[in-house]
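Taking it in order: structure first as C-alpha cells, then the write-up.
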Amino acid sequence: MTNERVLFTAEAFYAHLKEQRLMGSRCVSCGELYLPPRPICVSCGGKDMTWHPFQGNGRLSTFTCIRVAPSAMEARGYGRNTPYCTGLVETDEGPTISALVLGVDAARPEMIQVGMALQVDFSEATGDHPALAFHAV
Ligand SMILES: [Zn+2]
C-alpha cells in the first residue's frame, strides 16, 4: 500500500478540491464508490481502496437555507440578510454528499426544487476553509 492510498482523509479530499478535482474512493475488491472518500469499504470490509475521480454532476436530494451562519460562513459573506443554501447532492455515480448549493435564491427556498440538476463548482474551494459547492445547472 502506497502512502497516497492510506490518506483517504478529509484533508486529502479538500486538497484535491482546491486543485479542482472532486475525488472519492473506490473499493478495489467490490467496486463500491465513496464520496467523501473512506479508507475502508463499508460494503465488503475491504481495505484496498483507490482514488476515484467523480464527474461532478448530480441532483439535489434535500436542502436547507441558513440565515444564522457559523463564523466560517460569515467570513464568506453569508448571514441574516444573505442566507445560503446547503444540501445533500446525489451524484450521478451514486454516492450522496453534503455541499453548498449555489445559483439558487436562498431567501426564497420555496423556489428551490428537490431533484434539480447540479454541477460541482470549485469557487468556494479556496483558502484555509475550502468548501464543496454545487451550482444549479
Ligand atoms: Zn468493497
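Every chain in the C-alpha cells takes a letter, A first, then B, and so on in the order presented; its residues are numbered from 1, and the ligands are numbered from 1 following the presented order.
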
Hey, what's within 8 Å of Thr64 (chain A) if we count only C-alpha atoms and toss same-chain stuff fewer than 5 positions away? As a PDB file with C-alpha atoms, in the first residue's frame, please?
```pdb
ATOM      1  CA  CYS A  85     -28.373  27.029   0.829  1.00  0.00           C
ATOM      2  CA  THR A  86     -26.767  23.756   1.806  1.00  0.00           C
ATOM      3  CA  GLY A  87     -27.985  20.325   0.844  1.00  0.00           C
ATOM      4  CA  PRO A 109     -36.455  28.378  -0.525  1.00  0.00           C
TER       5      PRO A 109
END
```

Set out as a tab-separated table a contact list for chain A and ligand 1 with a cut-off of 10 Å, giving each residue of chain A that qualifies its closest atom pair and distance in Å to one decimal, counting only C-alpha atoms and all ligand atoms, ordered by chain and rising residue number.
```
residue	atom	partner	partner_atom_place_in_ligand_line	distance
A:Arg26	CA	ligand 1	1 (Zn)	7.8
A:Cys27	CA	ligand 1	1 (Zn)	4.6
A:Val28	CA	ligand 1	1 (Zn)	6.7
A:Ser29	CA	ligand 1	1 (Zn)	5.1
A:Cys30	CA	ligand 1	1 (Zn)	4.1
A:Gly31	CA	ligand 1	1 (Zn)	6.0
A:Glu32	CA	ligand 1	1 (Zn)	5.4
A:Leu33	CA	ligand 1	1 (Zn)	8.5
A:Ile40	CA	ligand 1	1 (Zn)	7.8
A:Cys41	CA	ligand 1	1 (Zn)	4.6
A:Val42	CA	ligand 1	1 (Zn)	6.7
A:Ser43	CA	ligand 1	1 (Zn)	5.0
A:Cys44	CA	ligand 1	1 (Zn)	4.1
A:Gly45	CA	ligand 1	1 (Zn)	5.9
A:Gly46	CA	ligand 1	1 (Zn)	5.0
A:Lys47	CA	ligand 1	1 (Zn)	7.9
A:Asp48	CA	ligand 1	1 (Zn)	8.3
A:Met49	CA	ligand 1	1 (Zn)	8.3
```

Those of region 35-107 of chain A in DSSP helix (DSSP H, G or I), formatted as a list in words
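Filtering region 35-107 of chain A to helix (DSSP H, G or I) leaves Ser71, Ala72, Met73 and Glu74 of chain A.
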
Looking only at the backbone, which of the residues in region 13-107 of chain A does DSSP tag as strand (DSSP E or B), as number ranges by chain?
A: 23-27, 33-34, 49-53, 57-66, 79, 82, 84-91, 96-102

Within 10 Å of Val101 (chain A), counting only C-alpha atoms, which residues qualify if same-chain residues fewer than 6 places away don't, as a list in words?
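Once the nearby chain positions are removed, what remains is Leu60, Phe63, Thr64, Cys65, Tyr84, Cys85, Thr86, Gly87, Leu88, Val89, Ile112, Leu118, Gln119, Val120, Asp121, Leu132, Ala133, Phe134, His135 and Ala136 of chain A.
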
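Among the candidate residues A:Phe122, A:Gln113, A:Glu74, A:Tyr34, the one lying nearest to Arg21 (chain A) is A:Phe122, with distances computed using only C-alpha atoms.
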
In terms of the shortest atom-to-atom distance over only C-alpha atoms, which of A:Met116, A:Val68, A:Ala10, A:Ala131 is closest to Glu90 (chain A)?
A:Met116

Can you work out which one of A:Thr9, A:Ser123, A:Asp128, A:Thr91 has the shortest atom-to-atom distance to Gly58 (chain A), counting only C-alpha atoms?
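Between A:Thr9, A:Ser123, A:Asp128, A:Thr91, the residue approaching Gly58 (chain A) most closely is A:Thr91.
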
Residue contacts of region 35-38 of chain A (7 Å, only C-alpha atoms) excluding same-chain residues fewer than 4 positions away, as a ChimeraX atom specification
/A:8-9,13,24-25,95-97

Please determine, counting only C-alpha atoms, which residue among A:Ser71, A:Asn57, A:Ile66, A:Lys18 has the shortest atom-to-atom distance to Pro83 (chain A).
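Among the listed residues, A:Ile66 lies closest to Pro83 (chain A).
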